[in-house]
Every structure is written in structure tokens, then in C-alpha cells.
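**Q** If it helps, the file is called run_9.txt and holds compact mmCIF, C-alpha atoms:
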# COMPACT_ATOMS: atom_id res chain seq x y z
CA MET A 1 97.11 113.56 110.61
CA GLY A 2 98.07 116.20 108.04
CA PRO A 3 99.79 118.05 106.68
CA TYR A 4 102.84 115.77 106.72
CA LEU A 5 100.93 112.48 106.74
CA SER A 6 97.68 111.14 105.32
CA ASP A 7 97.65 107.49 106.29
CA ALA A 8 100.33 106.57 108.81
CA TRP A 9 101.45 102.97 108.80
CA SER A 10 98.86 101.93 106.20
CA GLY A 11 96.07 103.53 108.24
CA ALA A 12 96.97 101.58 111.39
CA VAL A 13 97.90 104.67 113.37
CA SER A 14 95.86 107.64 114.57
CA GLU A 15 96.77 110.38 117.01
CA HIS A 16 94.75 111.30 120.07
CA VAL A 17 95.40 111.67 123.80
CA LEU A 18 95.63 109.40 126.83
CA THR A 19 93.58 111.00 129.59
CA ARG A 20 92.18 110.23 133.03
CA SER A 21 88.67 111.42 132.23
CA VAL A 22 86.16 110.80 129.48
CA ARG A 23 85.48 114.55 129.40
CA ASP A 24 89.06 115.40 128.41
CA SER A 25 89.21 112.83 125.60
CA ALA A 26 85.89 114.02 124.17
CA ALA A 27 86.75 117.71 124.46
CA MET A 28 90.03 117.15 122.63
CA LEU A 29 88.29 115.30 119.79
CA ASP A 30 85.70 118.08 119.51
CA VAL A 31 88.58 120.47 118.79
CA THR A 32 90.84 118.34 116.60
CA ASN A 33 88.57 116.16 114.44
CA GLY A 34 88.02 116.75 110.74
CA MET A 35 90.23 117.17 107.69
CA ASP A 36 92.91 119.66 106.79
CA CYS A 37 93.45 121.14 103.32
CA GLY A 38 94.20 118.41 100.80
CA ALA A 39 93.34 115.48 103.07
CA PRO A 40 92.48 112.34 101.06
CA PHE A 41 89.22 111.53 102.89
CA PRO A 42 86.14 113.81 103.16
CA VAL A 43 85.82 113.71 106.94
CA LYS A 44 83.90 116.81 107.95
CA HIS A 45 84.45 118.51 111.29
CA GLU A 46 81.90 117.35 113.87
CA GLN A 47 80.72 118.65 117.21
CA GLY A 48 78.98 116.85 120.05
CA PHE A 49 81.53 114.39 121.42
CA LEU A 50 81.74 116.23 124.73
CA ALA A 51 77.94 116.53 124.86
CA ALA A 52 77.65 112.78 124.23
CA THR A 53 79.58 111.99 127.42
CA GLY A 54 76.76 113.41 129.55
CA LYS A 55 73.99 111.39 127.95
CA ASP A 56 73.52 107.67 128.67
CA PRO A 57 73.26 105.55 125.53
CA LYS A 58 70.14 103.53 124.75
CA PRO A 59 70.42 99.86 125.79
CA LEU A 60 73.17 98.46 123.59
CA ARG A 61 73.82 95.05 122.08
CA ILE A 62 77.35 94.20 123.24
CA GLY A 63 79.32 91.14 122.16
CA PHE A 64 82.25 90.12 124.35
CA THR A 65 85.11 87.67 124.22
CA CYS A 66 88.22 87.04 126.31
CA LYS A 67 89.63 84.66 123.68
CA SER A 68 92.85 86.06 122.24
CA PRO A 69 92.67 86.57 118.45
CA THR A 70 96.22 85.22 118.18
CA GLY A 71 95.64 82.20 120.44
CA SER A 72 97.91 83.46 123.23
CA PRO A 73 96.89 82.87 126.87
CA VAL A 74 94.95 85.59 128.71
CA SER A 75 95.68 86.15 132.40
CA GLN A 76 93.00 85.54 135.02
CA GLU A 77 93.20 89.19 136.09
CA CYS A 78 92.20 90.30 132.59
CA ILE A 79 89.44 87.70 132.45
CA ASP A 80 88.16 88.87 135.84
CA GLY A 81 88.20 92.47 134.62
CA LEU A 82 86.15 91.49 131.58
CA ASN A 83 83.64 89.49 133.61
CA ASN A 84 83.21 92.33 136.10
CA THR A 85 82.58 94.69 133.21
CA VAL A 86 79.98 92.34 131.73
CA ARG A 87 78.07 92.37 135.03
CA LEU A 88 78.29 96.16 135.25
CA LEU A 89 76.96 96.53 131.70
CA GLN A 90 74.06 94.18 132.42
CA ASN A 91 73.20 96.16 135.56
CA LEU A 92 73.12 99.30 133.40
CA GLY A 93 70.52 97.68 131.13
CA HIS A 94 72.65 96.55 128.18
CA HIS A 95 72.27 93.20 126.44
CA VAL A 96 75.60 91.37 126.63
CA GLU A 97 76.46 88.02 125.09
CA GLU A 98 79.60 86.07 124.31
CA VAL A 99 80.77 86.08 120.70
CA ASP A 100 83.42 84.29 118.64
CA LEU A 101 85.31 86.74 116.42
CA GLY A 102 86.22 83.86 114.09
CA LEU A 103 89.66 85.17 113.13
CA ASP A 104 92.61 83.38 111.54
CA SER A 105 95.33 83.88 114.16
CA GLU A 106 98.23 83.05 111.83
CA GLN A 107 97.10 85.40 109.08
CA LEU A 108 96.24 88.13 111.56
CA ALA A 109 99.71 88.10 113.12
CA SER A 110 101.53 87.71 109.80
CA SER A 111 99.69 90.53 108.01
CA PHE A 112 100.12 92.89 110.95
CA LEU A 113 103.85 92.19 111.13
CA THR A 114 104.23 92.64 107.36
CA MET A 115 102.76 96.14 107.71
CA LEU A 116 104.99 96.88 110.70
CA LEU A 117 108.16 95.68 108.95
CA CYS A 118 107.55 97.58 105.72
CA ASN A 119 106.56 100.81 107.40
CA THR A 120 109.49 100.65 109.83
CA ALA A 121 111.83 100.22 106.86
CA ALA A 122 110.24 103.23 105.15
CA ASP A 123 110.42 105.32 108.33
CA VAL A 124 114.12 104.57 108.80
CA VAL A 125 114.83 105.61 105.20
CA GLY A 126 112.77 108.76 105.77
CA LEU A 127 114.74 109.53 108.93
CA SER A 128 117.97 109.11 107.00
CA GLN A 129 116.78 111.51 104.32
CA LEU A 130 115.54 114.03 106.89
CA THR A 131 118.79 114.08 108.86
CA GLY A 132 121.26 113.51 106.03
CA VAL A 133 122.76 110.61 108.03
CA ALA A 134 123.33 107.31 106.25
CA VAL A 135 121.04 104.49 107.42
CA ASN A 136 123.95 102.42 108.73
CA LYS A 137 125.10 105.36 110.86
CA LEU A 138 121.72 106.34 112.34
CA ASP A 139 121.57 106.23 116.14
CA ILE A 140 118.55 103.93 116.42
CA GLU A 141 117.75 100.98 118.67
CA LEU A 142 118.87 97.50 117.70
CA ALA A 143 115.27 96.30 117.43
CA THR A 144 114.40 99.15 115.04
CA ARG A 145 117.45 98.46 112.90
CA SER A 146 116.55 94.77 112.73
CA LEU A 147 112.97 95.54 111.70
CA TYR A 148 114.38 97.84 109.01
CA LYS A 149 116.65 95.11 107.66
CA ILE A 150 113.90 92.49 107.55
CA GLY A 151 111.32 94.95 106.20
CA SER A 152 113.67 95.86 103.37
CA GLN A 153 113.47 92.25 102.21
CA VAL A 154 109.66 92.00 102.10
CA LYS A 155 108.35 91.89 98.54
CA ALA A 156 105.84 94.50 97.40
CA ARG A 157 103.53 91.64 96.40
CA ASP A 158 103.48 90.28 99.96
CA PHE A 159 102.83 93.72 101.43
CA LEU A 160 99.87 94.28 99.11
CA LEU A 161 98.51 90.80 99.84
CA SER A 162 98.57 91.65 103.55
CA GLN A 163 96.51 94.75 102.76
CA VAL A 164 93.97 92.60 100.93
CA TYR A 165 93.57 90.60 104.15
CA TRP A 166 93.07 93.85 106.08
CA ASN A 167 90.18 94.67 103.75
CA ASP A 168 88.67 91.22 104.31
CA LEU A 169 89.05 91.75 108.06
CA ARG A 170 87.25 95.10 107.91
CA ARG A 171 84.33 93.52 106.10
CA SER A 172 84.20 90.58 108.50
CA ILE A 173 84.12 92.77 111.60
CA GLY A 174 81.67 95.10 109.85
CA GLU A 175 79.28 92.17 109.43
CA LEU A 176 79.64 91.44 113.13
CA HIS A 177 78.42 94.96 113.89
CA ASN A 178 75.14 94.13 112.21
CA ARG A 179 74.51 92.04 115.34
CA PHE A 180 76.32 94.12 117.95
CA ASP A 181 76.68 97.84 118.57
CA VAL A 182 79.93 97.35 120.48
CA ILE A 183 82.54 94.60 120.82
CA LEU A 184 84.14 94.16 124.27
CA THR A 185 87.51 92.49 124.94
CA PRO A 186 90.35 92.85 127.41
CA THR A 187 92.80 95.58 126.41
CA LEU A 188 95.88 93.46 127.10
CA ALA A 189 96.40 89.73 127.66
CA ASP A 190 98.14 90.40 130.98
CA VAL A 191 98.40 93.08 133.64
CA PRO A 192 100.54 96.14 132.80
CA GLN A 193 104.18 95.12 132.48
CA PRO A 194 107.22 96.87 134.00
CA VAL A 195 108.94 99.31 131.68
CA GLY A 196 111.47 97.43 129.56
CA SER A 197 110.02 93.96 130.06
CA LEU A 198 108.90 93.73 126.43
CA TYR A 199 112.34 94.63 125.11
CA PRO A 200 113.98 91.81 123.09
CA SER A 201 115.59 89.04 125.15
CA LYS A 202 119.34 88.44 124.99
CA ALA A 203 118.75 85.60 122.55
CA ASP A 204 116.63 87.89 120.37
CA GLN A 205 119.33 90.55 120.48
CA VAL A 206 121.94 88.04 119.31
CA PHE A 207 119.67 87.14 116.41
CA MET A 208 119.17 90.82 115.59
CA LYS A 209 122.93 91.36 115.42
CA LEU A 210 123.20 88.42 113.01
CA LEU A 211 120.86 90.23 110.65
CA ALA A 212 123.79 92.50 109.76
CA ILE A 213 125.31 89.54 107.88
CA PRO A 214 124.40 89.77 104.16
CA GLY A 215 121.55 87.40 103.33
CA MET A 216 120.45 86.78 106.89
CA SER A 217 117.39 89.02 106.66
CA TRP A 218 116.15 87.09 103.62
CA LEU A 219 116.87 83.75 105.31
CA SER A 220 114.96 84.77 108.44
CA LEU A 221 111.87 85.40 106.31
CA LYS A 222 112.20 82.09 104.47
CA ALA A 223 112.79 80.08 107.65
CA GLY A 224 109.63 81.37 109.35
CA ILE A 225 111.61 83.05 112.13
CA VAL A 226 109.80 86.32 111.47
CA ASP A 227 106.38 84.68 111.80
CA LYS A 228 107.43 83.39 115.22
CA MET A 229 108.55 86.91 116.15
CA ALA A 230 105.10 88.17 115.15
CA ARG A 231 103.33 85.72 117.43
CA ASP A 232 105.70 86.43 120.33
CA MET A 233 105.34 90.18 119.86
CA LEU A 234 101.54 90.04 120.00
CA ASP A 235 101.30 87.65 122.97
CA LYS A 236 100.86 90.51 125.46
CA LEU A 237 98.68 92.71 123.26
CA PRO A 238 96.62 90.50 120.95
CA PHE A 239 93.44 92.59 121.07
CA THR A 240 94.45 96.17 120.29
CA GLN A 241 95.72 95.60 116.74
CA LEU A 242 92.23 94.73 115.49
CA ALA A 243 91.12 98.37 115.65
CA ASN A 244 94.46 99.42 114.14
CA MET A 245 93.83 97.15 111.17
CA THR A 246 90.15 97.98 110.63
CA GLY A 247 90.23 101.70 111.49
CA GLN A 248 87.29 101.44 113.90
CA PRO A 249 86.98 103.71 116.93
CA SER A 250 88.14 101.93 120.07
CA MET A 251 88.75 102.89 123.69
CA SER A 252 90.41 101.37 126.73
CA VAL A 253 88.62 101.99 130.02
CA PRO A 254 90.26 101.15 133.42
CA LEU A 255 87.27 99.56 135.14
CA HIS A 256 89.18 96.82 136.99
CA TRP A 257 92.17 96.98 139.33
CA SER A 258 94.52 94.06 139.91
CA ARG A 259 95.56 92.56 143.25
CA ASP A 260 98.75 94.64 142.94
CA ASN A 261 96.73 97.83 142.44
CA LEU A 262 97.37 98.17 138.71
CA PRO A 263 94.60 99.30 136.35
CA VAL A 264 93.41 96.52 134.03
CA GLY A 265 91.79 97.95 130.94
CA VAL A 266 88.85 96.64 128.97
CA GLN A 267 88.52 97.60 125.32
CA PHE A 268 85.31 98.72 123.62
CA THR A 269 85.17 98.88 119.81
CA ALA A 270 82.31 100.41 117.83
CA ALA A 271 81.45 100.28 114.13
CA MET A 272 83.02 102.83 111.80
CA GLY A 273 81.82 106.31 112.73
CA GLY A 274 80.68 105.22 116.19
CA ASP A 275 82.95 107.57 118.15
CA ALA A 276 80.08 109.46 119.80
CA LEU A 277 78.46 106.19 120.85
CA LEU A 278 81.68 105.15 122.59
CA PHE A 279 81.92 108.48 124.41
CA SER A 280 78.32 108.14 125.57
CA LEU A 281 79.01 104.63 126.88
CA ALA A 282 82.29 105.75 128.49
CA GLY A 283 80.52 108.60 130.30
CA GLN A 284 77.91 106.20 131.63
CA LEU A 285 80.59 103.77 132.86
CA GLU A 286 82.61 106.56 134.46
CA ARG A 287 79.57 107.77 136.39
CA ALA A 288 78.72 104.22 137.48
CA GLN A 289 82.26 103.29 138.50
CA PRO A 290 84.59 106.33 138.70
CA TRP A 291 88.32 105.82 138.22
CA ALA A 292 89.93 109.28 137.95
CA ASP A 293 90.91 109.36 141.63
CA LYS A 294 92.60 105.96 141.52
CA MET A 295 96.38 105.78 141.22
CA PRO A 296 98.82 102.85 141.01
CA ASP A 297 101.22 102.35 143.90
CA MET A 298 104.68 103.85 143.78
CA CYS A 299 107.51 101.39 143.09
CA THR A 300 110.95 101.59 144.65
CA ASP A 301 113.92 101.77 142.30
CA ALA A 302 114.77 98.14 143.08
CA GLU A 303 111.25 96.99 142.19
CA ALA A 304 111.22 99.05 139.03
CA GLY A 305 114.70 97.98 137.97
CA THR A 306 115.78 101.59 137.47
CA SER A 307 117.80 104.17 139.35
CA GLU A 308 114.80 106.32 140.23
CA LYS A 309 111.31 106.01 141.67
CA VAL A 310 108.56 105.58 139.11
CA LEU A 311 104.83 105.05 139.04
CA ALA A 312 103.78 101.52 138.37
CA PRO A 313 102.95 101.40 134.63
CA HIS A 314 99.30 101.53 133.68
CA VAL A 315 97.10 101.18 130.63
Would you put the structure from the file into C-alpha cells?
**A**
Amino acid sequence: MGPYLSDAWSGAVSEHVLTRSVRDSAAMLDVTNGMDCGAPFPVKHEQGFLAATGKDPKPLRIGFTCKSPTGSPVSQECIDGLNNTVRLLQNLGHHVEEVDLGLDSEQLASSFLTMLLCNTAADVVGLSQLTGVAVNKLDIELATRSLYKIGSQVKARDFLLSQVYWNDLRRSIGELHNRFDVILTPTLADVPQPVGSLYPSKADQVFMKLLAIPGMSWLSLKAGIVDKMARDMLDKLPFTQLANMTGQPSMSVPLHWSRDNLPVGVQFTAAMGGDALLFSLAGQLERAQPWADKMPDMCTDAEAGTSEKVLAPHV
């Protein structure tokens, strides 16, 4: 991610592309992978991701679960999408079995939010320095300002303790990959949501405005309000943060379509360094059940809640 960044958000963020074909994702990674001058990790430039898409993988050991790591409910549409994918994988000759990830939902949510809070606070300060505009005068969303205020109250000790848990999580999932080549989950816990539906509720916005009162940010941490925010925030997307926290390669593939003609993604995660394996599996799935010609239905402005026509959102 150089030259301006090494690890973004404690290593939880990487940059790639959202495409409609396996070919395009692989071709882009062929061009962009590797390290720039001064990068902190010796990741050499590789070739062969595009070539991997045209070659079926050997029969894989795939562990699957539709159980949310945070304990939140998973919609039937997402469960159906996972089950359909399991059957497809079995028909393609892969060994698929259900697995329990064995994660601590409270610690998972709390440590992820701690990272998010601290890095948001740092980003807001960085934006202030870059623009020369004082933090309290920056034109940023209320939710971002609230995360900045709470993140500014998190102790360095607590941030580092959350990173210790991330290390434990990496090792735990790494052990799981001794049994399975790939882990399969839903991508989201529900079908794609309308744009804006995940924005803070009116009650949440009132609380965020209260954070401007001196001492309120500290009190919100002590009262456990922030932990509740973490759980609520991850209710719709409890699966994707695992790869963010471990750094493993992961992909969302739109193999299932909902009753309302929205793509429902399933997520495949490989062990560290397993990017080519994922591209090989993705190419096989795309050939078995193509999706590039599928499109969500158009919404009217009334259905979308906006003043213009938009495509139904998709994963």
C-alpha cells in the first residue's frame, strides 16, 4: 500500500478491486502485487494469478459454517446461498464438512472496534494536519466525529491488548487450516441492504451529539455503550472482519441470488499465501455457475429512498 502507508488500520485493510469476473481480479493482482521501495515486509512480486483461474484446483478440503462469529442471526437467504454452494462444491469433487470456528464473540467484536476507534481517531488527526483545518472545524460526518471522540479516549494499553488478541486469532485460524484448505461462510448475515440503511439511527445520532459534552466519551467507554455499538455494527457483517484481522486472502463470490434478484455472496478464505488457490477455485466456480451476465433489478426513486434511479445494491 506504499509509499504513503505500510499497514493501514493495523493491517486490517488492503486495496484491490471489485470486479464482475475472476479474470479481471486475477489480472489486476498480477500487475499490482509485490513490495515497493522501503516496504516493511519482503513480499516479492509474483506471476500466475491469471493463469491459476484457468486451471481447476485439486479436490479441496473445505470447512463451512453459517454460524455468525458474533452470535448475530443469519438470514435464511444467506443460509440457502451457503447450502447451495456446499452442494455445488461437492458436485465438483471437493470434500466439504461443517466446522465450528470456536471464536469468542465478545472479544472478537471488542478488539475489532478498538482498532476501528483508534485508527479513526488517528485518521481524523491526520486529515486535520493535511488540510490545516482544526479537528473541531473539519467537515466530517457525525458518525466519524463520534468515533474520533471515543477513539481519543482509548488507552494505548487497551489498543495493544486488542492486537495481542488479533495475534491469537491468527494462530487459531492458522491451526484450522491444517485441517482445511479453505473456510466457507456467508459474506453477509443478510441480503444486500439499501444505501443508507446502516447509517446510525436517530437515537444513535442523539447519543453521538452528546459525545461533544466533556467527559461523555470516557463515560460511554466505562458504561459499556461502546461494546454494544460494536455488536450492533457487526450484526449485518459478522464474517468479513475475520480476514481483516488475520490478513488471510479472502473472496466474495455471488453464487446465489435472492427472491428479490439480489446477489447473495459466499466468502471463501484460504491460509496465508493462498491467493492463487482462491483464484483457481473461483475460476472453477465461475465456469460451473457463471454470474457475470446477471444484474440486479432497477429500483424506482421511491423504492430506493432517493431522488434518482439506482441499481439495487449488491455485494
**Q** Give me the residues near stretch 243-256 of chain A as a PyMOL selection string, where near means some atom within 8 Å (using only C-alpha atoms) and where sequence neighbours in that chain fewer than 3 positions away do not count.
**A** chain A and resi 11-13+81+84-85+112+166-167+169-170+187+240+263-275+278+282+289+291+315
**Q** Applying 8 Å and all atoms listed in the file, which residues near A:Lys236 remain after dropping the ones on its own chain fewer than 3 positions away? List them as a PyMOL selection string.
**A** chain A and resi 72+188-190+233
**Q** When you count all atoms listed in the file, which of these residues is closest to A:Glu106: A:Val124, A:Val31, A:Leu198, A:Leu234?
**A**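 Of the candidates, the smallest distance to A:Glu106 is held by A:Leu234.
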**Q** Suppose you want the space between atom CA of A:Leu277 and atom CA of A:Asp100; what is it in Å?
**A**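 Between these atoms lies a distance of 22.6 Å.
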**Q** If you measure from atom CA of A:Val99 to atom CA of A:Gly63, what distance in Å do you get, rounded to one decimal?
**A** 5.5 Å
**Q** Find the residue from A:Ser162, A:Ser201, A:Thr32, A:Gln241 that sits nearest to A:Glu46; use all atoms listed in the file when measuring.
**A** A:Thr32
**Q** One decimal, in Å: what's the spacing between atom CA of A:Cys66 and atom CA of A:Ser14?
**A**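 Computed distance, atom CA of A:Cys66 to atom CA of A:Ser14, equals 24.9 Å.
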**Q** Go through A:Asp158, A:Asp204, A:Asp56, A:Asp30 and flag the residue nearest A:Ser146, using only C-alpha atoms for the distances.
**A** A:Asp204
**Q** Here is a test: counting all atoms listed in the file, which residue of A:Leu242, A:Val22, A:Ile183, A:Leu117 is nearest to A:Glu98?
**A**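 When distances to A:Glu98 are compared using all atoms listed in the file, the smallest one comes from A:Ile183.
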**Q** List the spatial neighbours of A:Lys155 as an MDAnalysis selection string - criterion: any atom at most 12 Å away, all atoms listed in the file, same-chain residues fewer than 2 positions off excluded.
**A** chainID A and resid 114:115 117:118 150:153 157:162 218 221
**Q** Keeping only C-alpha atoms, write the selected residues as a JSON list (two decimals), in the frame of the given file.
**A**
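Contents of selection.json, freshly written:
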[["chain", "number", "residue", "atom", "x", "y", "z"],
["A", 114, "THR", "CA", 104.23, 92.64, 107.36],
["A", 115, "MET", "CA", 102.76, 96.14, 107.71],
["A", 117, "LEU", "CA", 108.16, 95.68, 108.95],
["A", 118, "CYS", "CA", 107.55, 97.58, 105.72],
["A", 150, "ILE", "CA", 113.90, 92.49, 107.55],
["A", 151, "GLY", "CA", 111.32, 94.95, 106.20],
["A", 152, "SER", "CA", 113.67, 95.86, 103.37],
["A", 153, "GLN", "CA", 113.47, 92.25, 102.21],
["A", 157, "ARG", "CA", 103.53, 91.64, 96.40],
["A", 158, "ASP", "CA", 103.48, 90.28, 99.96],
["A", 159, "PHE", "CA", 102.83, 93.72, 101.43],
["A", 160, "LEU", "CA", 99.87, 94.28, 99.11],
["A", 161, "LEU", "CA", 98.51, 90.80, 99.84],
["A", 162, "SER", "CA", 98.57, 91.65, 103.55],
["A", 218, "TRP", "CA", 116.15, 87.09, 103.62],
["A", 221, "LEU", "CA", 111.87, 85.40, 106.31]]
